[in-house]
$ cat start_13.txt   # compact mmCIF, C-alpha atoms
# COMPACT_ATOMS: atom_id res chain seq x y z
CA MET D 276 66.45 193.97 172.34
CA ARG D 277 66.56 191.12 169.83
CA SER D 278 69.63 189.69 171.54
CA ILE D 279 67.79 189.72 174.86
CA TRP D 280 65.03 187.63 173.29
CA ARG D 281 67.56 185.15 171.99
CA THR D 282 69.69 184.95 175.12
CA LEU D 283 66.88 184.14 177.52
CA ASP D 284 64.97 180.89 177.51
CA VAL D 285 61.22 180.47 177.72
CA GLU D 286 61.38 179.44 181.38
CA LEU D 287 63.05 182.70 182.38
CA TRP D 288 60.56 184.79 180.37
CA ARG D 289 57.68 182.92 182.04
CA GLY D 290 59.22 183.77 185.41
CA VAL D 291 59.57 187.45 184.50
CA LEU D 292 55.99 187.59 183.23
CA ALA D 293 54.65 185.91 186.37
CA ILE D 294 56.21 188.49 188.67
CA ALA D 295 55.26 191.29 186.24
CA LEU D 296 51.62 190.24 186.58
CA ALA D 297 51.91 190.26 190.37
CA ALA D 298 53.59 193.69 190.17
CA ALA D 299 50.71 195.03 188.04
CA VAL D 300 48.12 193.97 190.63
CA ASN D 301 50.30 195.31 193.43
CA GLY D 302 50.66 198.59 191.48
CA ALA D 303 46.89 198.79 191.03
CA SER D 304 46.55 198.49 194.78
CA PHE D 305 49.09 201.30 195.32
CA GLY D 306 47.26 203.55 192.86
CA ALA D 307 43.93 202.87 194.55
CA ILE D 308 45.32 203.44 198.06
CA ALA D 309 46.93 206.74 197.05
CA VAL D 310 43.72 208.07 195.49
CA ALA D 311 41.68 206.81 198.45
CA ALA D 312 44.06 208.76 200.73
CA GLY D 313 42.89 211.91 198.98
CA LEU D 314 45.83 212.43 196.62
CA PRO D 315 45.15 213.57 193.06
CA LEU D 316 45.53 211.02 190.26
CA TRP D 317 48.84 212.41 188.98
CA VAL D 318 50.63 211.85 192.31
CA PRO D 319 50.76 208.01 192.34
CA VAL D 320 51.37 208.02 188.56
CA ALA D 321 54.29 210.48 188.76
CA MET D 322 55.74 208.69 191.79
CA SER D 323 55.70 205.34 190.02
CA VAL D 324 57.35 206.62 186.84
CA LEU D 325 59.94 208.83 188.58
CA ILE D 326 60.75 206.91 191.79
CA PHE D 327 59.97 203.35 190.62
CA ALA D 328 60.54 201.74 194.01
CA GLY D 329 57.29 200.30 195.37
CA GLY D 330 58.24 200.02 199.03
CA SER D 331 59.26 203.66 199.34
CA GLN D 332 56.14 204.78 197.43
CA TYR D 333 53.84 202.93 199.85
CA LEU D 334 55.83 204.35 202.76
CA ALA D 335 55.69 207.95 201.51
CA VAL D 336 51.95 207.83 200.78
CA GLY D 337 51.36 206.14 204.15
CA VAL D 338 53.24 208.86 206.02
CA VAL D 339 51.37 211.67 204.24
CA ALA D 340 48.00 209.90 204.60
CA ALA D 341 48.62 209.56 208.34
CA GLY D 342 49.15 213.32 208.58
CA GLY D 343 52.95 213.19 208.61
CA SER D 344 55.11 215.79 206.91
CA PRO D 345 56.39 215.38 203.33
CA ILE D 346 59.92 215.70 204.72
CA ALA D 347 59.40 212.62 206.90
CA ALA D 348 57.99 210.81 203.85
CA VAL D 349 61.04 211.69 201.74
CA VAL D 350 63.58 210.80 204.45
CA GLY D 351 61.85 207.47 205.16
CA GLY D 352 61.76 206.64 201.45
CA LEU D 353 65.42 207.50 200.97
CA VAL D 354 66.49 205.33 203.91
CA LEU D 355 64.46 202.47 202.48
CA ASN D 356 66.08 202.93 199.05
CA ALA D 357 69.67 203.29 200.29
CA ARG D 358 70.22 199.57 199.55
CA HIS D 359 70.22 200.45 195.85
CA LEU D 360 73.74 201.84 196.25
CA PRO D 361 75.37 198.51 197.24
CA PHE D 362 73.11 196.78 194.66
CA GLY D 363 74.46 199.13 191.98
CA LEU D 364 78.02 198.37 193.07
CA ALA D 365 77.30 194.64 192.73
CA VAL D 366 75.59 194.68 189.30
CA GLY D 367 77.19 197.81 187.81
CA ASP D 368 78.92 196.00 184.97
CA VAL D 369 75.71 194.16 184.06
CA VAL D 370 73.88 197.42 183.35
CA GLY D 371 76.01 198.47 180.37
CA ARG D 372 78.70 201.03 179.61
CA SER D 373 77.17 203.59 177.24
CA TRP D 374 75.63 206.64 178.90
CA PRO D 375 72.06 206.00 177.70
CA ALA D 376 72.27 202.38 178.90
CA ARG D 377 73.73 203.44 182.22
CA LEU D 378 71.15 206.17 182.86
CA LEU D 379 68.16 204.06 181.85
CA GLY D 380 69.59 200.87 183.33
CA SER D 381 70.18 202.55 186.70
CA HIS D 382 66.53 203.58 186.84
CA LEU D 383 65.53 199.93 186.25
CA LEU D 384 67.62 198.81 189.24
CA ILE D 385 65.13 197.19 191.61
CA ASP D 386 65.36 194.22 193.97
CA GLU D 387 63.89 191.89 191.34
CA SER D 388 66.18 192.88 188.45
CA VAL D 389 69.23 192.56 190.73
CA ALA D 390 68.10 189.12 191.94
CA PHE D 391 67.42 187.93 188.38
CA ALA D 392 70.87 189.11 187.24
CA MET D 393 72.66 187.52 190.21
CA ALA D 394 70.93 184.18 189.52
CA GLN D 395 72.47 183.86 186.02
CA LYS D 396 75.63 181.94 185.25
CA SER D 397 77.09 183.99 182.39
CA PRO D 398 77.50 187.80 182.07
CA GLU D 399 75.46 187.81 178.82
CA ARG D 400 72.54 186.06 180.48
CA ALA D 401 72.85 188.29 183.55
CA ARG D 402 72.62 191.40 181.37
CA ALA D 403 69.66 190.05 179.39
CA ALA D 404 67.84 188.95 182.57
CA TYR D 405 68.46 192.33 184.24
CA TRP D 406 67.00 194.32 181.35
CA ALA D 407 64.14 191.91 180.68
CA CYS D 408 63.07 191.94 184.33
CA GLY D 409 63.62 195.67 184.93
CA ALA D 410 61.79 196.78 181.76
CA SER D 411 58.90 194.31 182.18
CA LEU D 412 58.34 195.36 185.78
CA PHE D 413 58.54 199.05 184.87
CA VAL D 414 55.77 198.64 182.30
CA ALA D 415 53.68 196.35 184.53
CA TRP D 416 54.04 198.46 187.68
CA ASN D 417 53.20 201.76 185.97
CA THR D 418 50.27 200.31 184.01
CA GLY D 419 48.92 198.80 187.22
CA VAL D 420 49.30 202.03 189.19
CA PHE D 421 47.52 204.07 186.50
CA ALA D 422 44.66 201.56 186.24
CA GLY D 423 44.34 201.33 190.03
CA ALA D 424 44.34 205.11 190.47
CA LEU D 425 41.56 205.37 187.84
CA ALA D 426 39.52 202.50 189.29
CA GLY D 427 39.96 203.72 192.85
CA ARG D 428 38.36 201.57 195.45
CA LEU D 429 37.25 198.85 193.01
CA VAL D 430 40.57 197.01 193.29
CA ALA D 431 40.57 193.91 195.47
CA ASP D 432 42.81 193.75 198.51
CA PRO D 433 46.09 192.24 197.20
CA ASP D 434 46.73 190.62 200.59
CA ALA D 435 43.53 188.55 200.23
CA LEU D 436 45.01 187.17 196.98
CA GLY D 437 48.26 186.30 198.81
CA LEU D 438 50.20 188.62 196.49
CA ASP D 439 52.42 189.81 199.32
CA ALA D 440 53.91 186.28 199.31
CA VAL D 441 55.06 186.66 195.70
CA PHE D 442 57.94 189.08 196.33
CA PRO D 443 59.71 187.07 199.09
CA ALA D 444 59.02 183.76 197.29
CA VAL D 445 60.50 185.06 194.02
CA MET D 446 63.56 186.44 195.79
CA LEU D 447 64.03 183.18 197.67
CA ALA D 448 63.78 181.13 194.46
CA LEU D 449 66.39 183.34 192.81
CA VAL D 450 68.96 183.30 195.63
CA LEU D 451 68.61 179.61 196.58
CA PRO D 452 71.14 178.30 194.01
CA VAL D 453 73.71 180.90 195.13
CA LEU D 454 73.20 179.96 198.79
CA ARG D 455 74.58 176.48 198.15
CA GLU D 456 78.01 178.09 198.40
CA ALA D 457 79.01 178.08 202.07
CA ASP D 458 80.86 181.40 201.78
CA LYS D 459 77.58 183.05 200.72
CA LEU D 460 75.28 181.09 203.04
CA ARG D 461 76.99 182.03 206.30
CA PRO D 462 76.98 185.82 205.82
CA ALA D 463 73.43 185.65 204.41
CA MET D 464 72.08 183.75 207.45
CA LEU D 465 73.78 186.10 209.92
CA GLY D 466 72.55 189.10 207.92
CA ALA D 467 68.96 187.83 207.91
CA ALA D 468 69.15 187.22 211.67
CA ILE D 469 70.42 190.78 212.24
CA ALA D 470 67.66 192.24 210.05
CA LEU D 471 64.90 190.25 211.80
CA ALA D 472 66.21 190.98 215.29
CA THR D 473 66.32 194.75 214.65
CA THR D 474 63.04 195.07 212.66
CA PRO D 475 60.82 195.74 215.73
CA PHE D 476 62.98 198.65 216.86
CA LEU D 477 64.18 200.47 213.74
CA PRO D 478 62.51 202.37 210.89
CA PRO D 479 61.87 200.40 207.67
CA GLY D 480 64.95 199.91 205.49
CA VAL D 481 67.52 200.22 208.26
CA PRO D 482 67.38 196.53 209.36
CA VAL D 483 68.09 195.36 205.79
CA LEU D 484 71.11 197.67 205.59
CA LEU D 485 72.38 196.37 208.95
CA ALA D 486 72.24 192.88 207.45
CA LEU D 487 75.48 193.80 205.65
CA GLY D 488 77.08 193.11 209.07
CA GLY D 489 76.77 189.47 207.99
CA LEU D 490 79.80 190.13 205.78
CA LEU D 491 81.88 190.05 208.97
CA THR D 492 81.78 186.25 208.72
CA VAL D 493 83.85 186.45 205.53
CA LYS D 494 87.16 185.48 207.06
CA ASN D 495 90.26 186.59 205.22
CA ALA D 496 92.89 189.16 206.05
CA ARG D 497 92.97 190.52 202.50
CA VAL D 498 89.22 190.67 202.32
CA LYS D 499 89.30 192.66 205.56
CA ASN D 500 91.53 195.20 203.85
CA ALA D 501 89.15 195.25 200.92
CA ARG D 502 86.23 195.93 203.24
CA VAL D 503 87.97 198.99 204.65
CA LYS D 504 88.53 200.24 201.11
CA LYS D 505 84.90 199.63 200.24
CA LYS D 506 83.76 201.65 203.24
CA GLU D 507 86.01 204.50 202.18
CA ALA D 508 84.61 204.27 198.67
CA MET D 509 81.08 204.52 200.02
CA MET G 180 51.93 215.92 198.59
CA THR G 181 53.25 218.29 195.95
CA ILE G 182 55.70 217.71 193.14
CA VAL G 183 58.74 218.79 195.21
CA PRO G 184 58.91 215.86 197.69
CA ILE G 185 58.22 213.46 194.80
CA LEU G 186 61.13 214.91 192.81
CA VAL G 187 63.46 214.88 195.83
CA LEU G 188 62.68 211.23 196.56
CA ALA G 189 63.01 210.35 192.86
CA LEU G 190 66.35 212.13 192.46
CA GLY G 191 67.73 210.72 195.72
CA THR G 192 66.73 207.20 194.75
CA PHE G 193 68.22 207.62 191.30
CA ALA G 194 71.44 208.95 192.87
CA PHE G 195 71.77 205.74 194.93
CA ARG G 196 71.21 203.58 191.85
CA PHE G 197 73.37 205.58 189.48
CA GLY G 198 76.10 206.21 192.06
CA GLY G 199 76.52 202.49 192.66
CA THR G 200 76.70 201.52 189.00
CA LEU G 201 79.00 204.43 188.15
CA MET G 202 81.37 203.67 191.01
CA ARG G 203 81.56 200.05 189.89
CA ASP G 204 82.63 201.27 186.46
CA ARG G 205 85.08 203.99 187.55
CA VAL G 206 86.92 202.29 190.40
CA THR G 207 89.13 199.36 189.48
CA MET G 208 88.57 196.72 192.12
CA PRO G 209 90.51 193.59 192.93
CA ASP G 210 88.59 190.35 192.40
CA ARG G 211 88.20 189.88 196.16
CA VAL G 212 86.34 193.17 196.47
CA LYS G 213 84.09 192.24 193.54
CA GLU G 214 83.39 188.93 195.26
CA LEU G 215 82.62 190.76 198.51
CA LEU G 216 80.23 193.13 196.70
CA SER G 217 78.34 190.25 195.14
CA THR G 218 78.18 188.50 198.52
CA GLY G 219 76.88 191.77 199.94
CA ALA G 220 74.10 191.86 197.34
CA VAL G 221 73.13 188.26 198.22
CA VAL G 222 73.12 189.19 201.94
CA LEU G 223 70.78 192.14 201.20
CA LEU G 224 68.46 189.99 199.06
CA VAL G 225 68.21 187.28 201.74
CA ALA G 226 67.55 189.94 204.40
CA LEU G 227 64.74 191.28 202.18
CA VAL G 228 63.31 187.76 201.89
CA ALA G 229 63.43 187.27 205.67
CA THR G 230 61.90 190.63 206.59
CA SER G 231 59.24 190.66 203.86
CA ALA G 232 58.21 187.07 204.68
CA LEU G 233 58.01 187.47 208.46
CA ALA G 234 57.31 191.12 209.21
CA LYS G 235 54.61 193.64 208.36
CA GLY G 236 55.84 197.04 209.43
CA GLN G 237 57.56 196.47 212.77
CA GLY G 238 55.43 193.47 213.85
CA PHE G 239 55.01 189.80 212.98
CA ALA G 240 53.25 189.25 209.64
CA GLY G 241 51.18 186.26 210.85
CA TRP G 242 51.59 182.63 209.76
CA ALA G 243 49.85 182.68 206.36
CA LEU G 244 52.54 184.81 204.70
CA PRO G 245 55.68 182.87 205.78
CA ALA G 246 53.83 179.59 205.09
CA GLY G 247 53.19 180.65 201.48
CA VAL G 248 56.79 181.80 201.07
CA ALA G 249 58.02 178.49 202.53
CA VAL G 250 55.90 176.48 200.07
CA GLY G 251 57.34 178.57 197.22
CA GLY G 252 60.84 178.03 198.60
CA VAL G 253 60.48 174.26 198.83
CA LEU G 254 59.13 174.11 195.26
CA ALA G 255 62.04 176.24 194.05
CA TRP G 256 64.44 173.93 195.89
CA ARG G 257 62.84 170.99 194.04
CA LYS G 258 63.46 172.87 190.79
CA ALA G 259 59.81 173.60 190.06
CA PRO G 260 59.19 176.13 187.24
CA PHE G 261 59.13 179.76 188.29
CA VAL G 262 55.44 180.24 187.53
CA VAL G 263 54.58 177.31 189.81
CA VAL G 264 56.61 178.88 192.63
CA VAL G 265 54.80 182.22 192.26
CA VAL G 266 51.29 180.76 192.00
CA ALA G 267 51.80 178.22 194.81
CA ALA G 268 53.17 180.85 197.20
CA ALA G 269 50.29 183.27 196.56
CA ALA G 270 47.64 180.51 196.60
CA THR G 271 48.91 179.03 199.89
CA THR G 272 48.87 182.41 201.62
CA ALA G 273 45.47 183.33 200.14
CA LEU G 274 43.85 180.01 201.12
CA LEU G 275 45.27 180.12 204.65
CA ARG G 276 43.86 183.64 205.07
CA LEU G 277 40.54 182.51 203.65
CA ALA G 278 40.55 179.72 206.26
CA GLY G 279 41.04 182.34 208.96
CA VAL G 280 44.78 181.93 209.58
CA ALA G 281 46.25 185.39 210.07
$ encode --input "start_13.txt" --output "structure tokens"
Amino acid sequence: MRSIWRTLDVELWRGVLAIALAAAVNGASFGAIAVAAGLPLWVPVAMSVLIFAGGSQYLAVGVVAAGGSPIAAVVGGLVLNARHLPFGLAVGDVVGRSWPARLLGSHLLIDESVAFAMAQKSPERARAAYWACGASLFVAWNTGVFAGALAGRLVADPDALGLDAVFPAVMLALVLPVLREADKLRPAMLGAAIALATTPFLPPGVPVLLALGGLLTVKNARVKNARVKKKEAM
Amino acid sequence: MTIVPILVLALGTFAFRFGGTLMRDRVTMPDRVKELLSTGAVVLLVALVATSALAKGQGFAGWALPAGVAVGGVLAWRKAPFVVVVVAAAATTALLRLAGVA
């Protein structure tokens, strides 16, 4: 942990703390919504500790609150979280090699920790940023959910505070430097277009996965071979 | 909702995360595949930005949200500190909503 403190600069820690604060408020809102939907206190708390993927938690509670079956809630959540597999493939060597590090580090794999790791120049900084972001957001999210579930309806609407703009803005800030490379920009733009075009017609999570079709713009015979291998591996 | 669906969703999600990181460790990949995987992660992140900035559920999110994200994006492009990006994005969206912009 001490090496993480030393490796990361103040600016990066400020960034992590800013999104952790937003995650805490967002978590409080999730906790409050779950309790307001009639679920007992332990449900949002257990979900946040064990699943630790906000989007799928909102989705699952929403499905159940709307009278849907738990099976539909689980399937929808799993589809939404399927992107964690390619994320794990991309940042696997950042997580660490020992079994405890790999088990704990995998649980801290979220969009934000992946984006923070990908934005770093050196492997040491990527590892430090991944753990700093993942651990901070785990603490912030779970604290927020617990507080929100206790406070119930008292929590303000996070949308009125504009907190739903924090997640996309943070992600955008983190990927912008990488997008200056043309071989990343082209597939990313096509992928985003695919995701947006299919969003009105497909269940949540699927459009983002389809965005991987943007990789088709990576032109190279040997890369094409590699893609076939990757598909087999998946 | 009982404990069973929560555990199934938790285990399934962990399997995605752990499976990806383990596969990265166990399978020796040529540099081109590693490059393709990291491009794939960037593609997924940008798709998340696009959908979470423009859509709520399956519909359009309204103008306040993408406007806030755009302000944050421009500030990030101009190398503003991270905290400024976060606060400006949220404040822009919140103020636009306060002013009645959906």
$ closest_residue --input "start_13.txt" --among "D:Gly489, D:Gly367, D:Gly437, D:Gly337" --to "Leu274 in chain G" --atoms "all atoms listed in the file"
D:Gly437
$ interface_residues --input "start_13.txt" --of "chain G" --to "chain D" --cutoff "7 Å" --atoms "all atoms listed in the file" --output "number ranges by chain"
G: 180, 184-185, 188-189, 191-193, 195-204, 211-212, 216-232, 237-238, 244, 247-248, 251-252, 255, 261-262, 265, 268-270, 272-273, 276
$ atom_distance --input "start_13.txt" --atom1 "CA of Ala281 in chain G" --atom2 "CA of Ser304 in chain D"
20.1 Å
$ residues_around --input "start_13.txt" --residues "Val250 in chain G" --least-positions-apart "5" --cutoff "8 Å" --atoms "all atoms listed in the file" --output "PDB file with C-alpha atoms, in the coordinates of the input"
ATOM      1  CA  VAL G 264      56.610 178.880 192.630  1.00  0.00           C
ATOM      2  CA  ALA G 267      51.800 178.220 194.810  1.00  0.00           C
ATOM      3  CA  ALA G 268      53.170 180.850 197.200  1.00  0.00           C
ATOM      4  CA  THR G 271      48.910 179.030 199.890  1.00  0.00           C
TER       5      THR G 271
END
$ atom_distance --input "start_13.txt" --atom1 "CA of Ala422 in chain D" --atom2 "CA of Trp406 in chain D"
24.0 Å
$ atom_distance --input "start_13.txt" --atom1 "CA of Thr282 in chain D" --atom2 "CA of Leu412 in chain D"
18.7 Å
$ axis_aligned_box --input "start_13.txt" --around "range 446-462 of chain D" --padding-each-side "6 Å" --output "JSON"
{"center_x": 72.2, "center_y": 181.5, "center_z": 199.6, "size_x": 29.3, "size_y": 22.0, "size_z": 25.5}
$ closest_residue --input "start_13.txt" --among "D:Ala424, D:Val320, D:Gly330, D:Ala309" --to "Gly236 in chain G" --atoms "all atoms listed in the file"
D:Gly330
$ decode --input "start_13.txt" --residues "range 206-276 of chain G" --atoms "C-alpha atoms" --output "PDB file, in the first residue's frame"
ATOM      1  CA  VAL G 206      -2.465 -17.721 -22.226  1.00  0.00           C
ATOM      2  CA  THR G 207       0.705 -16.415 -23.815  1.00  0.00           C
ATOM      3  CA  MET G 208      -0.349 -13.861 -26.376  1.00  0.00           C
ATOM      4  CA  PRO G 209       1.580 -12.222 -29.169  1.00  0.00           C
ATOM      5  CA  ASP G 210       2.026  -8.454 -28.806  1.00  0.00           C
ATOM      6  CA  ARG G 211      -0.537  -7.822 -31.548  1.00  0.00           C
ATOM      7  CA  VAL G 212      -3.232  -9.623 -29.577  1.00  0.00           C
ATOM      8  CA  LYS G 213      -2.326  -7.669 -26.439  1.00  0.00           C
ATOM      9  CA  GLU G 214      -2.586  -4.480 -28.477  1.00  0.00           C
ATOM     10  CA  LEU G 215      -5.969  -5.589 -29.823  1.00  0.00           C
ATOM     11  CA  LEU G 216      -7.220  -6.354 -26.296  1.00  0.00           C
ATOM     12  CA  SER G 217      -6.212  -2.923 -25.054  1.00  0.00           C
ATOM     13  CA  THR G 218      -7.865  -1.324 -28.093  1.00  0.00           C
ATOM     14  CA  GLY G 219     -10.940  -3.399 -27.278  1.00  0.00           C
ATOM     15  CA  ALA G 220     -10.998  -2.024 -23.727  1.00  0.00           C
ATOM     16  CA  VAL G 221     -10.752   1.549 -25.083  1.00  0.00           C
ATOM     17  CA  VAL G 222     -13.609   0.797 -27.517  1.00  0.00           C
ATOM     18  CA  LEU G 223     -15.769  -0.475 -24.620  1.00  0.00           C
ATOM     19  CA  LEU G 224     -14.941   2.561 -22.451  1.00  0.00           C
ATOM     20  CA  VAL G 225     -15.806   5.014 -25.242  1.00  0.00           C
ATOM     21  CA  ALA G 226     -19.055   3.128 -25.928  1.00  0.00           C
ATOM     22  CA  LEU G 227     -19.879   3.460 -22.207  1.00  0.00           C
ATOM     23  CA  VAL G 228     -19.180   7.203 -22.404  1.00  0.00           C
ATOM     24  CA  ALA G 229     -21.429   7.584 -25.464  1.00  0.00           C
ATOM     25  CA  THR G 230     -24.350   5.556 -24.110  1.00  0.00           C
ATOM     26  CA  SER G 231     -24.221   6.909 -20.548  1.00  0.00           C
ATOM     27  CA  ALA G 232     -23.973  10.514 -21.822  1.00  0.00           C
ATOM     28  CA  LEU G 233     -26.777  10.312 -24.392  1.00  0.00           C
ATOM     29  CA  ALA G 234     -29.181   7.589 -23.280  1.00  0.00           C
ATOM     30  CA  LYS G 235     -31.315   6.869 -20.236  1.00  0.00           C
ATOM     31  CA  GLY G 236     -32.616   3.349 -20.561  1.00  0.00           C
ATOM     32  CA  GLN G 237     -33.527   2.954 -24.223  1.00  0.00           C
ATOM     33  CA  GLY G 238     -34.390   6.627 -24.856  1.00  0.00           C
ATOM     34  CA  PHE G 239     -32.614   9.966 -25.244  1.00  0.00           C
ATOM     35  CA  ALA G 240     -31.275  11.331 -21.941  1.00  0.00           C
ATOM     36  CA  GLY G 241     -32.189  14.974 -22.709  1.00  0.00           C
ATOM     37  CA  TRP G 242     -29.751  17.832 -23.380  1.00  0.00           C
ATOM     38  CA  ALA G 243     -28.605  18.674 -19.839  1.00  0.00           C
ATOM     39  CA  LEU G 244     -26.656  15.428 -19.399  1.00  0.00           C
ATOM     40  CA  PRO G 245     -24.620  15.423 -22.661  1.00  0.00           C
ATOM     41  CA  ALA G 246     -24.016  19.181 -22.225  1.00  0.00           C
ATOM     42  CA  GLY G 247     -22.437  18.581 -18.804  1.00  0.00           C
ATOM     43  CA  VAL G 248     -20.353  15.703 -20.147  1.00  0.00           C
ATOM     44  CA  ALA G 249     -19.227  17.871 -23.088  1.00  0.00           C
ATOM     45  CA  VAL G 250     -18.125  20.674 -20.737  1.00  0.00           C
ATOM     46  CA  GLY G 251     -16.153  18.119 -18.713  1.00  0.00           C
ATOM     47  CA  GLY G 252     -14.657  16.728 -21.923  1.00  0.00           C
ATOM     48  CA  VAL G 253     -13.526  20.131 -23.191  1.00  0.00           C
ATOM     49  CA  LEU G 254     -11.944  20.933 -19.815  1.00  0.00           C
ATOM     50  CA  ALA G 255     -10.153  17.577 -19.828  1.00  0.00           C
ATOM     51  CA  TRP G 256      -8.939  18.281 -23.368  1.00  0.00           C
ATOM     52  CA  ARG G 257      -7.547  21.614 -22.099  1.00  0.00           C
ATOM     53  CA  LYS G 258      -5.737  19.651 -19.375  1.00  0.00           C
ATOM     54  CA  ALA G 259      -7.841  20.962 -16.501  1.00  0.00           C
ATOM     55  CA  PRO G 260      -7.366  19.121 -13.163  1.00  0.00           C
ATOM     56  CA  PHE G 261      -9.554  16.076 -12.656  1.00  0.00           C
ATOM     57  CA  VAL G 262     -11.566  17.616  -9.824  1.00  0.00           C
ATOM     58  CA  VAL G 263     -12.450  20.578 -12.051  1.00  0.00           C
ATOM     59  CA  VAL G 264     -13.680  18.194 -14.765  1.00  0.00           C
ATOM     60  CA  VAL G 265     -15.901  16.319 -12.302  1.00  0.00           C
ATOM     61  CA  VAL G 266     -17.357  19.415 -10.617  1.00  0.00           C
ATOM     62  CA  ALA G 267     -17.899  21.321 -13.882  1.00  0.00           C
ATOM     63  CA  ALA G 268     -19.680  18.392 -15.533  1.00  0.00           C
ATOM     64  CA  ALA G 269     -22.035  17.856 -12.580  1.00  0.00           C
ATOM     65  CA  ALA G 270     -22.625  21.599 -12.063  1.00  0.00           C
ATOM     66  CA  THR G 271     -23.428  22.211 -15.746  1.00  0.00           C
ATOM     67  CA  THR G 272     -25.953  19.375 -15.839  1.00  0.00           C
ATOM     68  CA  ALA G 273     -27.482  20.382 -12.483  1.00  0.00           C
ATOM     69  CA  LEU G 274     -27.824  24.070 -13.448  1.00  0.00           C
ATOM     70  CA  LEU G 275     -29.328  23.258 -16.851  1.00  0.00           C
ATOM     71  CA  ARG G 276     -31.898  21.017 -15.146  1.00  0.00           C
TER      72      ARG G 276
END
